[in-house]
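Quick look at query.cif (mmCIF, N, CA and C atoms):
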```
data_target
#
loop_
_atom_site.label_atom_id
_atom_site.label_comp_id
_atom_site.auth_asym_id
_atom_site.auth_seq_id
_atom_site.Cartn_x
_atom_site.Cartn_y
_atom_site.Cartn_z
N PRO Z 1 -46.48 44.27 39.51
CA PRO Z 1 -47.64 44.85 38.83
C PRO Z 1 -48.53 45.60 39.82
N SER Z 2 -49.12 46.67 39.36
CA SER Z 2 -49.97 47.50 40.19
C SER Z 2 -51.43 47.41 39.76
N LEU Z 3 -52.29 47.65 40.72
CA LEU Z 3 -53.72 47.77 40.44
C LEU Z 3 -53.97 49.06 39.68
N PRO Z 4 -55.11 49.19 39.00
CA PRO Z 4 -55.42 50.45 38.32
C PRO Z 4 -55.50 51.60 39.32
N ALA Z 5 -55.28 52.80 38.83
CA ALA Z 5 -55.37 53.99 39.66
C ALA Z 5 -56.81 54.19 40.14
N GLU Z 6 -56.93 54.84 41.29
CA GLU Z 6 -58.25 55.17 41.82
C GLU Z 6 -58.96 56.15 40.88
N MET Z 7 -60.28 56.09 40.88
CA MET Z 7 -61.08 57.03 40.11
C MET Z 7 -61.09 58.35 40.87
N THR Z 8 -60.51 59.40 40.29
CA THR Z 8 -60.39 60.67 41.00
C THR Z 8 -61.47 61.67 40.63
N VAL Z 9 -62.13 61.48 39.51
CA VAL Z 9 -63.19 62.39 39.08
C VAL Z 9 -64.52 61.65 39.19
N ALA Z 10 -65.48 62.29 39.84
CA ALA Z 10 -66.80 61.66 40.01
C ALA Z 10 -67.46 61.44 38.65
N PRO Z 11 -68.17 60.32 38.49
CA PRO Z 11 -68.90 60.09 37.23
C PRO Z 11 -70.08 61.06 37.11
N LEU Z 12 -70.64 61.11 35.95
CA LEU Z 12 -71.77 61.98 35.68
C LEU Z 12 -72.96 61.14 35.24
N LEU Z 13 -74.07 61.28 35.95
CA LEU Z 13 -75.35 60.69 35.53
C LEU Z 13 -76.17 61.81 34.92
N GLN Z 14 -76.76 61.56 33.76
CA GLN Z 14 -77.56 62.61 33.13
C GLN Z 14 -78.75 62.03 32.38
N ARG Z 15 -79.78 62.84 32.32
CA ARG Z 15 -80.97 62.44 31.55
C ARG Z 15 -80.63 62.45 30.07
N ALA Z 16 -81.23 61.50 29.36
CA ALA Z 16 -81.04 61.42 27.91
C ALA Z 16 -82.41 61.19 27.28
N GLY Z 17 -82.43 61.09 25.97
CA GLY Z 17 -83.68 60.90 25.25
C GLY Z 17 -84.39 59.60 25.61
N LYS Z 18 -85.64 59.57 25.29
CA LYS Z 18 -86.49 58.41 25.55
C LYS Z 18 -86.04 57.23 24.69
N THR Z 19 -85.84 56.04 25.33
CA THR Z 19 -85.45 54.85 24.58
C THR Z 19 -86.42 53.69 24.76
N ASP Z 20 -87.39 53.85 25.66
CA ASP Z 20 -88.41 52.82 25.87
C ASP Z 20 -89.68 53.52 26.35
N HIS Z 21 -90.50 52.83 27.11
CA HIS Z 21 -91.78 53.40 27.54
C HIS Z 21 -91.64 54.47 28.62
N ARG Z 22 -90.45 54.62 29.21
CA ARG Z 22 -90.23 55.63 30.25
C ARG Z 22 -90.07 57.01 29.60
N PRO Z 23 -90.34 58.08 30.37
CA PRO Z 23 -90.29 59.42 29.77
C PRO Z 23 -88.88 59.89 29.38
N TYR Z 24 -87.84 59.28 29.94
CA TYR Z 24 -86.45 59.59 29.58
C TYR Z 24 -85.57 58.42 29.99
N SER Z 25 -84.35 58.41 29.52
CA SER Z 25 -83.39 57.38 29.90
C SER Z 25 -82.27 58.05 30.70
N VAL Z 26 -81.33 57.24 31.21
CA VAL Z 26 -80.20 57.78 31.97
C VAL Z 26 -78.91 57.27 31.34
N THR Z 27 -77.99 58.19 31.11
CA THR Z 27 -76.67 57.88 30.59
C THR Z 27 -75.64 58.19 31.66
N ALA Z 28 -74.61 57.35 31.74
CA ALA Z 28 -73.51 57.57 32.68
C ALA Z 28 -72.23 57.78 31.90
N CYS Z 29 -71.38 58.67 32.37
CA CYS Z 29 -70.06 58.81 31.75
C CYS Z 29 -69.03 59.12 32.82
N TRP Z 30 -67.79 58.70 32.55
CA TRP Z 30 -66.69 58.91 33.48
C TRP Z 30 -65.39 58.89 32.70
N ILE Z 31 -64.30 59.26 33.36
CA ILE Z 31 -62.98 59.29 32.73
C ILE Z 31 -62.24 58.01 33.09
N CYS Z 32 -61.68 57.35 32.09
CA CYS Z 32 -60.94 56.11 32.31
C CYS Z 32 -59.66 56.41 33.10
N PRO Z 33 -59.43 55.69 34.20
CA PRO Z 33 -58.21 55.93 34.98
C PRO Z 33 -57.00 55.23 34.36
N ASP Z 34 -55.85 55.49 34.93
CA ASP Z 34 -54.61 54.85 34.49
C ASP Z 34 -54.64 53.38 34.88
N GLY Z 35 -54.46 52.49 33.91
CA GLY Z 35 -54.41 51.05 34.18
C GLY Z 35 -53.05 50.59 34.67
N MET Z 36 -52.14 51.52 34.90
CA MET Z 36 -50.79 51.22 35.39
C MET Z 36 -50.06 50.23 34.47
N GLY Z 37 -50.12 50.55 33.16
CA GLY Z 37 -49.41 49.71 32.19
C GLY Z 37 -50.22 48.55 31.66
N ARG Z 38 -51.42 48.38 32.14
CA ARG Z 38 -52.28 47.28 31.69
C ARG Z 38 -53.58 47.89 31.13
N PRO Z 39 -54.20 47.24 30.14
CA PRO Z 39 -55.48 47.76 29.64
C PRO Z 39 -56.60 47.53 30.66
N VAL Z 40 -57.48 48.50 30.76
CA VAL Z 40 -58.67 48.34 31.60
C VAL Z 40 -59.57 47.33 30.92
N GLN Z 41 -59.91 46.26 31.63
CA GLN Z 41 -60.73 45.19 31.05
C GLN Z 41 -62.21 45.32 31.39
N SER Z 42 -62.51 45.97 32.52
CA SER Z 42 -63.92 46.14 32.88
C SER Z 42 -64.06 47.27 33.88
N PHE Z 43 -65.29 47.72 34.00
CA PHE Z 43 -65.67 48.69 35.02
C PHE Z 43 -66.79 48.07 35.84
N ILE Z 44 -66.78 48.36 37.12
CA ILE Z 44 -67.88 47.94 37.99
C ILE Z 44 -68.60 49.22 38.42
N LEU Z 45 -69.89 49.26 38.15
CA LEU Z 45 -70.70 50.42 38.51
C LEU Z 45 -71.52 50.05 39.74
N ARG Z 46 -71.55 50.93 40.72
CA ARG Z 46 -72.36 50.69 41.91
C ARG Z 46 -73.36 51.83 42.04
N PHE Z 47 -74.63 51.47 42.01
CA PHE Z 47 -75.72 52.43 42.18
C PHE Z 47 -76.24 52.30 43.61
N THR Z 48 -76.27 53.41 44.33
CA THR Z 48 -76.75 53.42 45.70
C THR Z 48 -78.02 54.26 45.77
N ARG Z 49 -79.05 53.65 46.30
CA ARG Z 49 -80.34 54.31 46.44
C ARG Z 49 -80.26 55.32 47.58
N LEU Z 50 -80.77 56.53 47.35
CA LEU Z 50 -80.78 57.55 48.39
C LEU Z 50 -82.05 57.42 49.22
N GLU Z 51 -81.88 57.49 50.52
CA GLU Z 51 -83.00 57.46 51.46
C GLU Z 51 -82.96 58.74 52.27
N ASP Z 52 -83.98 59.56 52.14
CA ASP Z 52 -84.03 60.88 52.78
C ASP Z 52 -82.81 61.73 52.40
N GLY Z 53 -82.37 61.62 51.15
CA GLY Z 53 -81.29 62.44 50.65
C GLY Z 53 -79.88 61.95 50.94
N VAL Z 54 -79.74 60.86 51.68
CA VAL Z 54 -78.40 60.32 51.98
C VAL Z 54 -78.33 58.88 51.47
N PRO Z 55 -77.11 58.42 51.12
CA PRO Z 55 -76.99 57.04 50.62
C PRO Z 55 -77.48 56.03 51.65
N GLY Z 56 -78.30 55.10 51.18
CA GLY Z 56 -78.84 54.05 52.04
C GLY Z 56 -78.08 52.75 51.86
N SER Z 57 -78.68 51.68 52.32
CA SER Z 57 -78.00 50.39 52.26
C SER Z 57 -78.35 49.61 50.98
N SER Z 58 -79.32 50.08 50.22
CA SER Z 58 -79.74 49.39 49.01
C SER Z 58 -78.81 49.76 47.86
N GLN Z 59 -78.07 48.74 47.35
CA GLN Z 59 -77.11 48.98 46.28
C GLN Z 59 -77.31 47.95 45.17
N HIS Z 60 -76.92 48.36 43.97
CA HIS Z 60 -77.01 47.50 42.80
C HIS Z 60 -75.70 47.66 42.03
N GLU Z 61 -75.01 46.55 41.76
CA GLU Z 61 -73.75 46.61 41.03
C GLU Z 61 -73.88 45.95 39.66
N VAL Z 62 -73.18 46.53 38.69
CA VAL Z 62 -73.17 46.03 37.32
C VAL Z 62 -71.73 46.03 36.83
N GLN Z 63 -71.29 44.92 36.23
CA GLN Z 63 -69.94 44.87 35.66
C GLN Z 63 -70.05 45.05 34.15
N ILE Z 64 -69.24 45.96 33.63
CA ILE Z 64 -69.23 46.27 32.20
C ILE Z 64 -67.90 45.79 31.64
N PRO Z 65 -67.89 44.65 30.91
CA PRO Z 65 -66.62 44.14 30.37
C PRO Z 65 -66.27 44.78 29.03
N CYS Z 66 -64.98 44.78 28.73
CA CYS Z 66 -64.49 45.19 27.41
C CYS Z 66 -64.45 43.94 26.56
N HIS Z 67 -65.03 43.98 25.39
CA HIS Z 67 -65.09 42.80 24.52
C HIS Z 67 -64.00 42.79 23.47
N GLY Z 68 -63.02 43.71 23.59
CA GLY Z 68 -61.91 43.73 22.64
C GLY Z 68 -62.22 44.39 21.31
N GLU Z 69 -63.41 44.91 21.17
CA GLU Z 69 -63.75 45.61 19.93
C GLU Z 69 -63.11 46.99 19.97
N GLU Z 70 -62.77 47.53 18.81
CA GLU Z 70 -62.09 48.82 18.77
C GLU Z 70 -62.84 49.90 19.52
N GLU Z 71 -64.15 49.93 19.37
CA GLU Z 71 -64.90 51.01 20.00
C GLU Z 71 -65.02 50.85 21.52
N THR Z 72 -64.64 49.71 22.07
CA THR Z 72 -64.73 49.54 23.52
C THR Z 72 -63.37 49.41 24.19
N VAL Z 73 -62.28 49.78 23.48
CA VAL Z 73 -60.96 49.79 24.12
C VAL Z 73 -60.88 51.08 24.94
N TRP Z 74 -60.62 50.90 26.23
CA TRP Z 74 -60.58 52.05 27.12
C TRP Z 74 -59.15 52.41 27.44
N SER Z 75 -58.79 53.64 27.19
CA SER Z 75 -57.43 54.09 27.47
C SER Z 75 -57.46 55.25 28.45
N TYR Z 76 -56.35 55.41 29.14
CA TYR Z 76 -56.22 56.43 30.17
C TYR Z 76 -56.65 57.80 29.65
N GLY Z 77 -57.54 58.44 30.38
CA GLY Z 77 -58.00 59.79 30.04
C GLY Z 77 -59.17 59.85 29.09
N SER Z 78 -59.55 58.72 28.48
CA SER Z 78 -60.67 58.74 27.54
C SER Z 78 -62.00 58.78 28.31
N THR Z 79 -63.01 59.32 27.66
CA THR Z 79 -64.34 59.37 28.28
C THR Z 79 -65.07 58.07 27.95
N VAL Z 80 -65.59 57.45 28.99
CA VAL Z 80 -66.38 56.22 28.83
C VAL Z 80 -67.83 56.62 29.03
N SER Z 81 -68.70 56.19 28.13
CA SER Z 81 -70.11 56.55 28.19
C SER Z 81 -70.96 55.29 28.06
N LEU Z 82 -71.98 55.20 28.86
CA LEU Z 82 -72.86 54.04 28.84
C LEU Z 82 -74.31 54.52 28.89
N ALA Z 83 -75.09 54.10 27.90
CA ALA Z 83 -76.50 54.49 27.81
C ALA Z 83 -77.39 53.50 28.56
N ASN Z 84 -78.57 53.93 28.89
CA ASN Z 84 -79.62 53.09 29.48
C ASN Z 84 -79.23 52.44 30.80
N VAL Z 85 -78.53 53.16 31.65
CA VAL Z 85 -78.16 52.60 32.95
C VAL Z 85 -79.34 52.54 33.92
N HIS Z 86 -80.47 53.10 33.54
CA HIS Z 86 -81.65 53.12 34.40
C HIS Z 86 -82.43 51.80 34.38
N VAL Z 87 -82.11 50.89 33.48
CA VAL Z 87 -82.94 49.72 33.23
C VAL Z 87 -83.20 48.87 34.48
N ASN Z 88 -82.18 48.66 35.32
CA ASN Z 88 -82.37 47.82 36.51
C ASN Z 88 -82.56 48.61 37.80
N LEU Z 89 -82.88 49.89 37.68
CA LEU Z 89 -83.09 50.72 38.86
C LEU Z 89 -84.58 50.92 39.09
N ALA Z 90 -84.95 51.09 40.34
CA ALA Z 90 -86.36 51.34 40.68
C ALA Z 90 -86.75 52.74 40.18
N GLY Z 91 -87.83 52.82 39.45
CA GLY Z 91 -88.28 54.09 38.90
C GLY Z 91 -88.73 55.06 39.98
N GLY Z 92 -88.45 56.35 39.75
CA GLY Z 92 -88.89 57.38 40.68
C GLY Z 92 -88.07 57.46 41.95
N VAL Z 93 -86.86 56.88 41.95
CA VAL Z 93 -85.99 56.88 43.13
C VAL Z 93 -84.68 57.57 42.76
N HIS Z 94 -84.13 58.35 43.70
CA HIS Z 94 -82.84 58.99 43.48
C HIS Z 94 -81.69 58.01 43.74
N TYR Z 95 -80.69 58.05 42.85
CA TYR Z 95 -79.50 57.20 42.97
C TYR Z 95 -78.25 58.04 42.79
N VAL Z 96 -77.14 57.56 43.38
CA VAL Z 96 -75.81 58.04 43.04
C VAL Z 96 -75.05 56.85 42.48
N MET Z 97 -74.00 57.12 41.71
CA MET Z 97 -73.22 56.04 41.09
C MET Z 97 -71.74 56.24 41.40
N GLN Z 98 -71.06 55.12 41.65
CA GLN Z 98 -69.61 55.10 41.81
C GLN Z 98 -69.04 54.08 40.84
N VAL Z 99 -67.76 54.24 40.49
CA VAL Z 99 -67.13 53.38 39.49
C VAL Z 99 -65.80 52.86 40.02
N ARG Z 100 -65.50 51.60 39.66
CA ARG Z 100 -64.18 50.99 39.89
C ARG Z 100 -63.70 50.43 38.57
N ALA Z 101 -62.40 50.51 38.34
CA ALA Z 101 -61.80 49.94 37.12
C ALA Z 101 -61.11 48.64 37.49
N ALA Z 102 -61.04 47.72 36.51
CA ALA Z 102 -60.35 46.44 36.74
C ALA Z 102 -59.47 46.11 35.54
N THR Z 103 -58.29 45.58 35.84
CA THR Z 103 -57.37 45.06 34.82
C THR Z 103 -57.17 43.58 35.12
N GLU Z 104 -56.27 42.94 34.41
CA GLU Z 104 -55.98 41.53 34.67
C GLU Z 104 -55.36 41.32 36.05
N ILE Z 105 -54.84 42.38 36.67
CA ILE Z 105 -54.23 42.30 38.00
C ILE Z 105 -55.32 42.33 39.09
N GLY Z 106 -56.40 43.04 38.84
CA GLY Z 106 -57.49 43.18 39.81
C GLY Z 106 -58.15 44.54 39.66
N SER Z 107 -59.03 44.86 40.61
CA SER Z 107 -59.72 46.15 40.55
C SER Z 107 -59.14 47.10 41.59
N THR Z 108 -59.45 48.37 41.41
CA THR Z 108 -58.97 49.40 42.34
C THR Z 108 -59.36 49.03 43.76
N ASN Z 109 -58.58 49.54 44.71
CA ASN Z 109 -58.83 49.20 46.11
C ASN Z 109 -60.16 49.75 46.63
N GLY Z 110 -60.56 50.89 46.15
CA GLY Z 110 -61.79 51.50 46.65
C GLY Z 110 -62.64 52.04 45.52
N TRP Z 111 -63.80 52.51 45.90
CA TRP Z 111 -64.72 53.12 44.95
C TRP Z 111 -64.33 54.57 44.75
N GLY Z 112 -64.55 55.07 43.54
CA GLY Z 112 -64.32 56.48 43.26
C GLY Z 112 -65.40 57.33 43.90
N SER Z 113 -65.27 58.63 43.74
CA SER Z 113 -66.27 59.56 44.28
C SER Z 113 -67.64 59.28 43.68
N ALA Z 114 -68.66 59.60 44.43
CA ALA Z 114 -70.04 59.40 43.96
C ALA Z 114 -70.47 60.53 43.04
N SER Z 115 -71.31 60.17 42.09
CA SER Z 115 -71.91 61.18 41.20
C SER Z 115 -72.89 62.03 42.00
N LEU Z 116 -73.36 63.08 41.38
CA LEU Z 116 -74.48 63.82 41.95
C LEU Z 116 -75.72 62.94 41.82
N PRO Z 117 -76.70 63.09 42.70
CA PRO Z 117 -77.91 62.26 42.61
C PRO Z 117 -78.71 62.54 41.33
N LEU Z 118 -79.36 61.49 40.86
CA LEU Z 118 -80.26 61.64 39.72
C LEU Z 118 -81.48 60.75 39.95
N LEU Z 119 -82.63 61.26 39.58
CA LEU Z 119 -83.88 60.51 39.72
C LEU Z 119 -84.03 59.53 38.57
N ALA Z 120 -84.15 58.23 38.89
CA ALA Z 120 -84.40 57.23 37.86
C ALA Z 120 -85.79 57.50 37.27
N PRO Z 121 -85.94 57.31 35.96
CA PRO Z 121 -87.23 57.63 35.35
C PRO Z 121 -88.35 56.75 35.89
N PRO Z 122 -89.54 57.33 36.06
CA PRO Z 122 -90.65 56.53 36.54
C PRO Z 122 -90.98 55.42 35.55
N ASP Z 123 -91.48 54.33 36.07
CA ASP Z 123 -91.83 53.18 35.25
C ASP Z 123 -93.32 52.92 35.41
N VAL Z 124 -93.89 52.23 34.46
CA VAL Z 124 -95.31 51.89 34.58
C VAL Z 124 -95.45 50.83 35.67
N PRO Z 125 -96.55 50.85 36.41
CA PRO Z 125 -96.74 49.82 37.44
C PRO Z 125 -96.91 48.45 36.80
N LEU Z 126 -96.48 47.45 37.52
CA LEU Z 126 -96.67 46.07 37.05
C LEU Z 126 -98.12 45.66 37.21
N GLN Z 127 -98.58 44.78 36.38
CA GLN Z 127 -99.95 44.29 36.50
C GLN Z 127 -100.07 43.41 37.73
N PRO Z 128 -101.09 43.65 38.57
CA PRO Z 128 -101.21 42.83 39.78
C PRO Z 128 -101.52 41.37 39.44
N ARG Z 129 -101.16 40.49 40.36
CA ARG Z 129 -101.45 39.07 40.20
C ARG Z 129 -102.94 38.84 40.44
N ALA Z 130 -103.41 37.65 40.08
CA ALA Z 130 -104.83 37.33 40.22
C ALA Z 130 -105.25 37.39 41.69
N PRO Z 131 -106.41 37.99 41.97
CA PRO Z 131 -106.88 38.05 43.35
C PRO Z 131 -107.47 36.71 43.80
N SER Z 132 -107.61 36.58 45.11
CA SER Z 132 -108.29 35.40 45.65
C SER Z 132 -109.30 35.87 46.69
N CYS Z 133 -110.32 35.08 46.87
CA CYS Z 133 -111.38 35.40 47.83
C CYS Z 133 -111.26 34.42 49.00
N LEU Z 134 -110.76 34.93 50.14
CA LEU Z 134 -110.53 34.07 51.30
C LEU Z 134 -111.76 33.95 52.19
N HIS Z 135 -112.62 34.96 52.15
CA HIS Z 135 -113.80 34.95 53.01
C HIS Z 135 -115.00 35.45 52.21
N ARG Z 136 -116.09 34.69 52.31
CA ARG Z 136 -117.31 35.09 51.64
C ARG Z 136 -118.44 35.02 52.64
N GLY Z 137 -118.97 36.19 52.99
CA GLY Z 137 -120.10 36.25 53.90
C GLY Z 137 -121.38 36.48 53.12
N ASP Z 138 -122.48 36.69 53.84
CA ASP Z 138 -123.77 36.94 53.17
C ASP Z 138 -123.74 38.25 52.39
N THR Z 139 -123.07 39.25 52.97
CA THR Z 139 -123.06 40.56 52.31
C THR Z 139 -121.66 41.11 52.08
N THR Z 140 -120.63 40.31 52.38
CA THR Z 140 -119.26 40.80 52.22
C THR Z 140 -118.37 39.78 51.52
N LEU Z 141 -117.35 40.31 50.90
CA LEU Z 141 -116.29 39.49 50.31
C LEU Z 141 -114.96 40.05 50.80
N ARG Z 142 -114.04 39.17 51.12
CA ARG Z 142 -112.69 39.64 51.46
C ARG Z 142 -111.77 39.17 50.33
N ILE Z 143 -111.33 40.13 49.52
CA ILE Z 143 -110.52 39.84 48.35
C ILE Z 143 -109.10 40.31 48.63
N THR Z 144 -108.14 39.46 48.35
CA THR Z 144 -106.73 39.82 48.52
C THR Z 144 -105.95 39.40 47.28
N TRP Z 145 -104.76 39.99 47.10
CA TRP Z 145 -103.86 39.57 46.05
C TRP Z 145 -102.43 39.79 46.55
N PRO Z 146 -101.53 38.95 46.10
CA PRO Z 146 -100.15 39.05 46.55
C PRO Z 146 -99.48 40.29 45.97
N GLU Z 147 -98.55 40.87 46.75
CA GLU Z 147 -97.78 42.01 46.26
C GLU Z 147 -96.78 41.53 45.23
N ILE Z 148 -96.44 42.43 44.33
CA ILE Z 148 -95.47 42.09 43.29
C ILE Z 148 -94.09 42.47 43.76
#
```
Written as structure tokens, that's how I'd like the structure from this file.
Amino acid sequence: PSLPAEMTVAPLLQRAGKTDHRPYSVTACWICPDGMGRPVQSFILRFTRLEDGVPGSSQHEVQIPCHGEEETVWSYGSTVSLANVHVNLAGGVHYVMQVRAATEIGSTNGWGSASLPLLAPPDVPLQPRAPSCLHRGDTTLRITWPEI
């Protein structure tokens, strides 16, 4: 038995319509590789944060399993599309994405080509935690709060 074929075509990250409080969402799509006689059971997506325009060390991986439903059966050459891939990415940061396919035998030996960079949609800032007053002088207060 053989592992699935390598991903030869880079995936595509693209802006899509608004699905939550962010100004837009991000959709990813790619072409399903040859499972070498076996059905593709899952895809692993790797998002790499760009630092000064080049891939950095900060990465986030997500596994997308096939649940056996007709609409999620992936066959060689079909287009796979996934909406809302921006949900676990830091807002306002550029990312590239790579994809690996997996069958019951295992996953491809390497990652496919990287997508073109795309800016994750900005997110609203989180509410700060409660402040504390560590020093109180006659005319001054030193107020601090933990970072989120």
Best match for closeness to Pro55 in chain Z among Z:Trp74, Z:Leu89, Z:Tyr95, Z:Val40, counting only N, CA and C atoms: Z:Tyr95
Residues returned when the PyMOL selection byres ((chain Z and resi 104-111) around 6) runs on this file, as a ChimeraX atom specification: /Z:3-7,39,41,99-103,112-113
Hits from the PyMOL selection byres ((chain Z and resi 129) around 6), listed as a ChimeraX atom specification: /Z:127-128,130-131,145-146
Selection dump of the PyMOL selection byres ((chain Z and resi 16-27) around 7), as a PDB file with N, CA and C atoms, in the frame of the given file:
```pdb
ATOM      1  N   LEU Z  12     -70.640  61.110  35.950  1.00  0.00           N
ATOM      2  CA  LEU Z  12     -71.770  61.980  35.680  1.00  0.00           C
ATOM      3  C   LEU Z  12     -72.960  61.140  35.240  1.00  0.00           C
ATOM      4  N   LEU Z  13     -74.070  61.280  35.950  1.00  0.00           N
ATOM      5  CA  LEU Z  13     -75.350  60.690  35.530  1.00  0.00           C
ATOM      6  C   LEU Z  13     -76.170  61.810  34.920  1.00  0.00           C
ATOM      7  N   GLN Z  14     -76.760  61.560  33.760  1.00  0.00           N
ATOM      8  CA  GLN Z  14     -77.560  62.610  33.130  1.00  0.00           C
ATOM      9  C   GLN Z  14     -78.750  62.030  32.380  1.00  0.00           C
ATOM     10  N   ARG Z  15     -79.780  62.840  32.320  1.00  0.00           N
ATOM     11  CA  ARG Z  15     -80.970  62.440  31.550  1.00  0.00           C
ATOM     12  C   ARG Z  15     -80.630  62.450  30.070  1.00  0.00           C
ATOM     13  N   ALA Z  28     -74.610  57.350  31.740  1.00  0.00           N
ATOM     14  CA  ALA Z  28     -73.510  57.570  32.680  1.00  0.00           C
ATOM     15  C   ALA Z  28     -72.230  57.780  31.900  1.00  0.00           C
ATOM     16  N   CYS Z  29     -71.380  58.670  32.370  1.00  0.00           N
ATOM     17  CA  CYS Z  29     -70.060  58.810  31.750  1.00  0.00           C
ATOM     18  C   CYS Z  29     -69.030  59.120  32.820  1.00  0.00           C
ATOM     19  N   SER Z  81     -68.700  56.190  28.130  1.00  0.00           N
ATOM     20  CA  SER Z  81     -70.110  56.550  28.190  1.00  0.00           C
ATOM     21  C   SER Z  81     -70.960  55.290  28.060  1.00  0.00           C
ATOM     22  N   LEU Z  82     -71.980  55.200  28.860  1.00  0.00           N
ATOM     23  CA  LEU Z  82     -72.860  54.040  28.840  1.00  0.00           C
ATOM     24  C   LEU Z  82     -74.310  54.520  28.890  1.00  0.00           C
ATOM     25  N   ALA Z  83     -75.090  54.100  27.900  1.00  0.00           N
ATOM     26  CA  ALA Z  83     -76.500  54.490  27.810  1.00  0.00           C
ATOM     27  C   ALA Z  83     -77.390  53.500  28.560  1.00  0.00           C
ATOM     28  N   ASN Z  84     -78.570  53.930  28.890  1.00  0.00           N
ATOM     29  CA  ASN Z  84     -79.620  53.090  29.480  1.00  0.00           C
ATOM     30  C   ASN Z  84     -79.230  52.440  30.800  1.00  0.00           C
ATOM     31  N   VAL Z  85     -78.530  53.160  31.650  1.00  0.00           N
ATOM     32  CA  VAL Z  85     -78.160  52.600  32.950  1.00  0.00           C
ATOM     33  C   VAL Z  85     -79.340  52.540  33.920  1.00  0.00           C
ATOM     34  N   HIS Z  86     -80.470  53.100  33.540  1.00  0.00           N
ATOM     35  CA  HIS Z  86     -81.650  53.120  34.400  1.00  0.00           C
ATOM     36  C   HIS Z  86     -82.430  51.800  34.380  1.00  0.00           C
ATOM     37  N   VAL Z  87     -82.110  50.890  33.480  1.00  0.00           N
ATOM     38  CA  VAL Z  87     -82.940  49.720  33.230  1.00  0.00           C
ATOM     39  C   VAL Z  87     -83.200  48.870  34.480  1.00  0.00           C
ATOM     40  N   PRO Z 121     -85.940  57.310  35.960  1.00  0.00           N
ATOM     41  CA  PRO Z 121     -87.230  57.630  35.350  1.00  0.00           C
ATOM     42  C   PRO Z 121     -88.350  56.750  35.890  1.00  0.00           C
ATOM     43  N   PRO Z 122     -89.540  57.330  36.060  1.00  0.00           N
ATOM     44  CA  PRO Z 122     -90.650  56.530  36.540  1.00  0.00           C
ATOM     45  C   PRO Z 122     -90.980  55.420  35.550  1.00  0.00           C
ATOM     46  N   ASP Z 123     -91.480  54.330  36.070  1.00  0.00           N
ATOM     47  CA  ASP Z 123     -91.830  53.180  35.250  1.00  0.00           C
ATOM     48  C   ASP Z 123     -93.320  52.920  35.410  1.00  0.00           C
ATOM     49  N   VAL Z 124     -93.890  52.230  34.460  1.00  0.00           N
ATOM     50  CA  VAL Z 124     -95.310  51.890  34.580  1.00  0.00           C
ATOM     51  C   VAL Z 124     -95.450  50.830  35.670  1.00  0.00           C
TER      52      VAL Z 124
END
```
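Interatomic distance, atom N of Tyr76 in chain Z against atom C of Asn88 in chain Z: 28.4 Å.
Between Met36 in chain Z and the candidates Z:Pro1, Z:His60, Z:Asp52, Z:Ala10, the tightest atom-to-atom separation, counting only N, CA and C atoms, involves Z:Pro1.
With all atoms listed in the file as the atoms that count, the minimum distance from Leu118 in chain Z to the choices Z:Gly37, Z:Gly56, Z:Gly92, Z:Gly77 is reached by Z:Gly92.
Within 6 Å of Gln98 in chain Z, once only N, CA and C atoms are used and residues closer than 5 positions along the same chain are dropped, the contacting residues are Z:Ile44, Z:Leu45, Z:Arg46, Z:Phe47, Z:Gly112, Z:Ser113, Z:Ala114, Z:Ser115.
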Separation of atom C of Met97 in chain Z from atom N of Gly35 in chain Z in Å: 19.2 Å
Atomic separation - CA of Arg38 in chain Z relative to CA of Ser75 in chain Z, Å: 9.5 Å
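Using only C-alpha atoms, every residue with an atom at most 7 Å from the point (-79.4, 60.8, 43.0) is listed here: Leu50, His94, Tyr95, Val96, Leu116, Pro117, Leu118 and Leu119 of chain Z.
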Would you save the residues from that selection as an mmCIF file, keeping the file's coordinate frame, using N, CA and C atoms?
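Printed below is part06.cif as written:
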```cif
data_model
loop_
_atom_site.group_PDB
_atom_site.id
_atom_site.type_symbol
_atom_site.label_atom_id
_atom_site.label_comp_id
_atom_site.auth_asym_id
_atom_site.auth_seq_id
_atom_site.Cartn_x
_atom_site.Cartn_y
_atom_site.Cartn_z
ATOM 1 N N LEU Z 50 -80.770 56.530 47.350
ATOM 2 C CA LEU Z 50 -80.780 57.550 48.390
ATOM 3 C C LEU Z 50 -82.050 57.420 49.220
ATOM 4 N N HIS Z 94 -84.130 58.350 43.700
ATOM 5 C CA HIS Z 94 -82.840 58.990 43.480
ATOM 6 C C HIS Z 94 -81.690 58.010 43.740
ATOM 7 N N TYR Z 95 -80.690 58.050 42.850
ATOM 8 C CA TYR Z 95 -79.500 57.200 42.970
ATOM 9 C C TYR Z 95 -78.250 58.040 42.790
ATOM 10 N N VAL Z 96 -77.140 57.560 43.380
ATOM 11 C CA VAL Z 96 -75.810 58.040 43.040
ATOM 12 C C VAL Z 96 -75.050 56.850 42.480
ATOM 13 N N LEU Z 116 -73.360 63.080 41.380
ATOM 14 C CA LEU Z 116 -74.480 63.820 41.950
ATOM 15 C C LEU Z 116 -75.720 62.940 41.820
ATOM 16 N N PRO Z 117 -76.700 63.090 42.700
ATOM 17 C CA PRO Z 117 -77.910 62.260 42.610
ATOM 18 C C PRO Z 117 -78.710 62.540 41.330
ATOM 19 N N LEU Z 118 -79.360 61.490 40.860
ATOM 20 C CA LEU Z 118 -80.260 61.640 39.720
ATOM 21 C C LEU Z 118 -81.480 60.750 39.950
ATOM 22 N N LEU Z 119 -82.630 61.260 39.580
ATOM 23 C CA LEU Z 119 -83.880 60.510 39.720
ATOM 24 C C LEU Z 119 -84.030 59.530 38.570
#
```
All residues 6 Å or closer to Cys133 in chain Z, all atoms listed in the file, same chain fewer than 4 positions away omitted, as a ChimeraX atom specification: /Z:142-144
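Nearest to Ser42 in chain Z of all the residues Z:Pro65, Z:Trp30, Z:Thr140, Z:Val80 is Z:Pro65, based on all atoms listed in the file.
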Residue set, chain Z restricted to strand (DSSP E or B), as a ChimeraX atom specification: /Z:12-16,25-31,42-51,54-65,79-82,94-102,107,118-119,132-136,141-144
